[in-house]
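Q: My structure is stored as query.pdb, with PDB, C-alpha atoms.
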ATOM      1  CA  MET A  18       0.000   0.000   0.000
ATOM      2  CA  ARG A  19       1.298   3.442  -0.913
ATOM      3  CA  VAL A  20       1.050   5.940   1.945
ATOM      4  CA  TYR A  21       1.912   9.620   2.047
ATOM      5  CA  VAL A  22       3.646  10.790   5.210
ATOM      6  CA  PRO A  23       3.567  14.513   5.986
ATOM      7  CA  LEU A  24       6.828  16.002   7.226
ATOM      8  CA  THR A  25       8.787  19.245   7.269
ATOM      9  CA  LEU A  26      12.284  19.703   5.863
ATOM     10  CA  SER A  27      13.552  19.467   9.448
ATOM     11  CA  GLY A  28      11.637  16.202   9.880
ATOM     12  CA  LEU A  29      13.043  14.884   6.603
ATOM     13  CA  ALA A  30      16.560  15.774   7.768
ATOM     14  CA  GLU A  31      15.960  13.836  10.991
ATOM     15  CA  ALA A  32      14.598  10.856   9.043
ATOM     16  CA  TYR A  33      17.672  10.927   6.796
ATOM     17  CA  LYS A  34      19.955  11.040   9.834
ATOM     18  CA  THR A  35      18.222   8.179  11.677
ATOM     19  CA  GLY A  36      17.144   6.155   8.638
ATOM     20  CA  GLU A  37      13.591   6.073   9.969
ATOM     21  CA  VAL A  38      10.585   8.220   9.058
ATOM     22  CA  GLY A  39       9.085   7.411  12.416
ATOM     23  CA  ALA A  40       8.832   4.728  15.045
ATOM     24  CA  GLY A  41       5.050   4.480  14.805
ATOM     25  CA  PRO A  42       2.258   4.837  15.244
ATOM     26  CA  LEU A  43       2.587   7.388  12.487
ATOM     27  CA  VAL A  44      -0.131   9.413  10.766
ATOM     28  CA  ALA A  45      -0.124   9.151   6.982
ATOM     29  CA  TYR A  46      -2.601   9.406   4.115
ATOM     30  CA  ALA A  47      -3.638   6.773   1.594
ATOM     31  CA  VAL A  48      -6.418   5.774  -0.762
ATOM     32  CA  THR A  49      -8.983   4.575   1.766
ATOM     33  CA  PRO A  50     -12.607   3.579   1.155
ATOM     34  CA  ALA A  51     -13.743   6.906   2.688
ATOM     35  CA  LEU A  52     -11.423   8.861   0.364
ATOM     36  CA  ARG A  53     -12.722   6.905  -2.638
ATOM     37  CA  GLU A  54     -16.299   7.694  -1.682
ATOM     38  CA  TRP A  55     -15.551  11.383  -1.093
ATOM     39  CA  TYR A  56     -13.531  11.851  -4.291
ATOM     40  CA  LEU A  57     -15.958   9.915  -6.511
ATOM     41  CA  SER A  58     -13.344   8.554  -8.873
ATOM     42  CA  ASP A  59     -12.047   5.150  -9.819
ATOM     43  CA  ASP A  60      -8.842   6.553 -11.349
ATOM     44  CA  ILE A  61      -6.077   5.401  -8.993
ATOM     45  CA  GLU A  62      -3.740   8.225 -10.047
ATOM     46  CA  GLU A  63      -6.389  10.819  -9.183
ATOM     47  CA  LEU A  64      -7.083   9.105  -5.871
ATOM     48  CA  GLU A  65      -3.389   8.960  -4.988
ATOM     49  CA  TYR A  66      -3.074  12.649  -5.867
ATOM     50  CA  ALA A  67      -5.983  13.352  -3.492
ATOM     51  CA  ALA A  68      -4.194  11.418  -0.721
ATOM     52  CA  LEU A  69      -0.961  13.317  -1.474
ATOM     53  CA  SER A  70      -2.890  16.600  -1.243
ATOM     54  CA  ARG A  71      -4.320  15.593   2.138
ATOM     55  CA  ALA A  72      -0.772  14.852   3.335
ATOM     56  CA  ALA A  73       0.397  18.245   2.014
ATOM     57  CA  LEU A  74      -2.263  19.937   4.156
ATOM     58  CA  ALA A  75      -1.091  17.897   7.155
ATOM     59  CA  SER A  76       2.469  19.052   6.403
ATOM     60  CA  LEU A  77       1.201  22.640   6.468
ATOM     61  CA  ARG A  78      -0.223  21.924   9.921
ATOM     62  CA  LEU A  79       3.204  20.681  11.037
ATOM     63  CA  LEU A  80       4.732  23.930   9.741
ATOM     64  CA  ALA A  81       2.143  25.981  11.634
ATOM     65  CA  ALA A  82       3.203  24.176  14.830
ATOM     66  CA  ASP A  83       6.948  24.653  14.139
ATOM     67  CA  PRO A  84       7.753  28.297  13.372
ATOM     68  CA  GLY A  85      11.463  27.468  13.032
ATOM     69  CA  ALA A  86      11.023  24.972  10.169
ATOM     70  CA  PRO A  87      11.673  26.137   6.605
ATOM     71  CA  ARG A  88       8.356  27.068   5.029
ATOM     72  CA  ARG A  89       8.128  24.253   2.487
ATOM     73  CA  ARG A  90       5.651  21.383   2.700
ATOM     74  CA  VAL A  91       7.162  17.891   2.526
ATOM     75  CA  VAL A  92       5.437  14.578   1.820
ATOM     76  CA  VAL A  93       7.236  11.234   1.629
ATOM     77  CA  ALA A  94       5.580   8.485  -0.440
ATOM     78  CA  ILE A  95       6.267   5.105   1.127
ATOM     79  CA  ASP A  96       5.202   1.580   0.248
ATOM     80  CA  VAL A  97       4.195  -0.384   3.327
ATOM     81  CA  PRO A  98       2.650  -3.850   3.674
ATOM     82  CA  ASP A  99      -1.159  -3.662   3.530
ATOM     83  CA  GLY A 100      -1.611  -4.702   7.150
ATOM     84  CA  GLN A 101       0.787  -2.047   8.444
ATOM     85  CA  ALA A 102      -1.535   0.904   7.700
ATOM     86  CA  ALA A 103      -5.176   1.184   8.714
ATOM     87  CA  ALA A 104      -7.792   3.897   9.066
ATOM     88  CA  ASP A 105      -8.501   4.932  12.644
ATOM     89  CA  PRO A 106     -12.087   3.793  13.369
ATOM     90  CA  GLY A 107     -12.258   6.315  16.209
ATOM     91  CA  ARG A 108     -12.172   9.213  13.736
ATOM     92  CA  GLY A 109     -15.471   8.103  12.185
ATOM     93  CA  PRO A 110     -16.867  10.271   9.380
ATOM     94  CA  ASP A 111     -14.697  13.289  10.311
ATOM     95  CA  PRO A 112     -14.001  15.128   6.989
ATOM     96  CA  ALA A 113     -10.556  16.112   8.292
ATOM     97  CA  ALA A 114      -9.696  12.414   8.543
ATOM     98  CA  LEU A 115     -10.409  11.519   4.888
ATOM     99  CA  GLY A 116      -7.602   9.274   3.713
ATOM    100  CA  GLU A 117      -5.922   9.337   7.103
ATOM    101  CA  VAL A 118      -4.281   6.101   8.225
ATOM    102  CA  ARG A 119      -2.107   5.042  11.137
ATOM    103  CA  ILE A 120       1.056   3.098  10.453
ATOM    104  CA  VAL A 121       2.071   0.695  13.179
ATOM    105  CA  GLY A 122       5.721  -0.071  13.728
ATOM    106  CA  ALA A 123       8.843   1.631  12.503
ATOM    107  CA  VAL A 124       8.947   3.031   8.975
ATOM    108  CA  PRO A 125      12.415   2.846   7.406
ATOM    109  CA  LEU A 126      13.253   5.708   5.060
ATOM    110  CA  ALA A 127      14.675   3.055   2.721
ATOM    111  CA  LYS A 128      11.058   2.076   1.915
ATOM    112  CA  ALA A 129      10.385   5.549   0.474
ATOM    113  CA  ALA A 130       9.413   5.629  -3.199
ATOM    114  CA  SER A 131       9.725   9.410  -3.624
ATOM    115  CA  VAL A 132       9.718  12.739  -1.842
ATOM    116  CA  HIS A 133       7.466  15.677  -2.710
ATOM    117  CA  VAL A 134       8.553  19.189  -1.663
ATOM    118  CA  ASP A 135       7.481  22.749  -2.361
ATOM    119  CA  SER A 136       9.717  24.830  -4.598
ATOM    120  CA  ASP A 137      11.609  27.787  -3.157
ATOM    121  CA  GLU A 138       9.129  30.068  -4.932
ATOM    122  CA  ALA A 139       6.269  28.634  -2.874
ATOM    123  CA  GLU A 140       7.827  29.616   0.468
ATOM    124  CA  PRO A 141       6.095  33.020   0.867
ATOM    125  CA  ASP A 142       2.663  31.534   0.145
ATOM    126  CA  VAL A 143       3.313  28.510   2.380
ATOM    127  CA  ALA A 144       4.517  30.788   5.201
ATOM    128  CA  ALA A 145       1.386  32.928   4.889
ATOM    129  CA  ALA A 146      -0.809  29.808   4.812
ATOM    130  CA  ALA A 147       0.827  28.405   7.948
ATOM    131  CA  GLU A 148       0.103  31.705   9.716
ATOM    132  CA  ALA A 149      -3.509  31.780   8.493
ATOM    133  CA  LEU A 150      -4.331  28.117   9.172
ATOM    134  CA  GLN A 151      -5.792  28.554  12.645
ATOM    135  CA  ALA A 152      -8.075  31.381  11.496
ATOM    136  CA  ALA A 153      -9.118  29.339   8.439
ATOM    137  CA  ASP A 154      -9.976  26.405  10.706
ATOM    138  CA  GLY A 155     -12.150  28.828  12.667
ATOM    139  CA  GLY A 156     -14.177  29.700   9.572
ATOM    140  CA  ASP A 157     -12.410  32.888   8.410
ATOM    141  CA  ASP A 158     -12.970  33.006   4.636
ATOM    142  CA  ASP A 159     -10.076  35.412   4.018
ATOM    143  CA  ALA A 160      -7.718  33.112   5.910
ATOM    144  CA  GLN A 161      -9.028  30.123   3.933
ATOM    145  CA  PHE A 162      -8.210  32.004   0.736
ATOM    146  CA  VAL A 163      -4.605  32.374   1.984
ATOM    147  CA  VAL A 164      -4.419  28.659   2.827
ATOM    148  CA  ASP A 165      -5.785  27.799  -0.609
ATOM    149  CA  GLY A 166      -2.982  29.941  -2.084
ATOM    150  CA  ALA A 167      -0.425  27.449  -0.776
ATOM    151  CA  GLU A 168      -2.428  24.586  -2.262
ATOM    152  CA  ASP A 169      -2.117  26.274  -5.664
ATOM    153  CA  HIS A 170       1.571  25.292  -5.623
ATOM    154  CA  GLU A 171       2.286  21.783  -6.871
ATOM    155  CA  LEU A 172       4.759  19.796  -4.813
ATOM    156  CA  LEU A 173       7.862  18.889  -6.808
ATOM    157  CA  TRP A 174       8.805  15.221  -7.187
ATOM    158  CA  TYR A 175      12.242  14.073  -6.018
ATOM    159  CA  ALA A 176      13.872  10.666  -6.158
ATOM    160  CA  THR A 177      14.973   9.304  -2.804
ATOM    161  CA  GLN A 178      18.606   9.668  -3.921
ATOM    162  CA  GLU A 179      18.040  13.440  -3.859
ATOM    163  CA  ILE A 180      17.195  13.558  -0.133
ATOM    164  CA  PRO A 181      20.754  14.512   0.884
ATOM    165  CA  ASN A 182      20.557  17.584  -1.389
ATOM    166  CA  LEU A 183      17.116  18.506  -0.027
ATOM    167  CA  VAL A 184      18.238  18.369   3.605
ATOM    168  CA  GLY A 185      21.795  19.638   3.072
ATOM    169  CA  SER A 186      21.005  22.977   4.699
ATOM    170  CA  GLN A 187      19.223  21.205   7.593
ATOM    171  CA  ASP A 188      22.214  19.287   9.010
TER     172      ASP A 188
END
Please express the file's structure as structure tokens.
A:
Amino acid sequence: MRVYVPLTLSGLAEAYKTGEVGAGPLVAYAVTPALREWYLSDDIEELEYAALSRAALASLRLLAADPGAPRRRVVVAIDVPDGQAAADPGRGPDPAALGEVRIVGAVPLAKAASVHVDSDEAEPDVAAAAEALQAADGGDDDAQFVVDGAEDHELLWYATQEIPNLVGSQD
């Protein structure tokens, strides 16, 4: 099963240093039955993009909680055995939990298929979105517009061999 783990560049640097994305349980995003129903598509590429987008929003939440992290969203795509990731039944029909899964056990960075990161040009919009996120969650339409501005930026695809270059300034 392909899962999308939200991180920050600082978190990616730590994963590179330790060789582990996390010890688990770890929150990630995947094509779940609830996501399929919400997205109304059978196209697996579209569904995976939706899961990646959900992880990008979760990465933005990590940035909002860590003012010292570089203002670029990071999502690591990882292939895990099907039984290692499962939706949390306690979250129920919560729209914020669409596609959310919990990964049990350690997740080696070596299992990563790719890394998705904002471009340098996205940093101002991502920084503004991280600042506006709490107000957007509270229903502020102007703040939601700012958050949506970050989502207008496509995450760039990187091979796992490029991780050292991505985190070089984070060591």
Q: Evaluate the PyMOL selection byres ((chain A and resi 138) around 12) and record the selected residues as a list in words, following the chain and residue labels used in the document.
A: Arg88, Arg89, Val134, Asp135, Ser136, Asp137, Ala139, Glu140, Pro141, Asp142, Val143, Ala144, Ala167, Asp169, His170, Glu171, Leu172 and Leu173 of chain A
Q: Which residues come within 8 Å of stretch 64-68 of chain A, counting all atoms listed in the file, excluding same-chain residues fewer than 4 positions away, as a list in words?
A: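 The residues satisfying every condition are Tyr21, Tyr46, Ala47, Val48, Leu52, Arg53, Tyr56, Ser58, Asp59, Asp60, Ala72 and Gly116 of chain A.
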Q: Run the PyMOL selection byres ((chain A and resi 87) around 8) mentally over the shown coordinates, then write out the matched residues as a ChimeraX atom specification, using the chain letters and numbers from the document.
A: /A:25-27,80,85-86,88-89
Q: Go ahead and compute the interatomic distance for atom CA of A:Ala147 and atom CA of A:Val164, in Å to one decimal.
A: 7.3 Å
Q: Under the PyMOL selection byres ((chain A and resi 31-44) around 6), which residues of this model are included? Write them out as a PyMOL selection string.
A: chain A and resi 28-30+45+118-126
Q: So, with all atoms listed in the file as the atoms that count, which of A:Leu77, A:Leu69, A:Ala153, A:Trp55 lies closest to A:Ile95?
A: A:Leu69
Q: Tell me, in Å to one decimal, how far atom CA of A:Val91 is from atom CA of A:Trp174.
A: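 Rounded to one decimal, the two atoms are 10.2 Å apart.
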Q: Quote the spacing between atom CA of A:Ala160 and atom CA of A:Val92 in Å to one decimal place.
A: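 That distance, rounded to one decimal, is 23.1 Å.
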Q: Between A:Glu168, A:Glu54, A:Val163, A:Arg19, single out the one closest to A:Lys128, counting all atoms listed in the file.
A: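 Closest residue, counting all atoms listed in the file: A:Arg19.
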Q: Box along x, y and z, 8 Å on every side, all listed atoms of stretch 143-147 of chain A inside: centre and edge lengths in Å to one decimal, as AutoDock Vina command-line options.
A:
--center_x 1.9 --center_y 30.7 --center_z 5.2 --size_x 21.3 --size_y 20.5 --size_z 21.6
Q: Between A:Ala75, A:Ala146, A:Val132, A:Ala102, which is the closest to A:Asp165 once you count all atoms listed in the file?
A: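 Result for the nearest residue to A:Asp165: A:Ala146.
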Q: Applying 12 Å and all atoms listed in the file, which residues near A:Ala176 remain after dropping the ones on its own chain fewer than 4 positions away? List them as an MDAnalysis selection string.
A: chainID A and resid 93:95 127 129:134 180:183
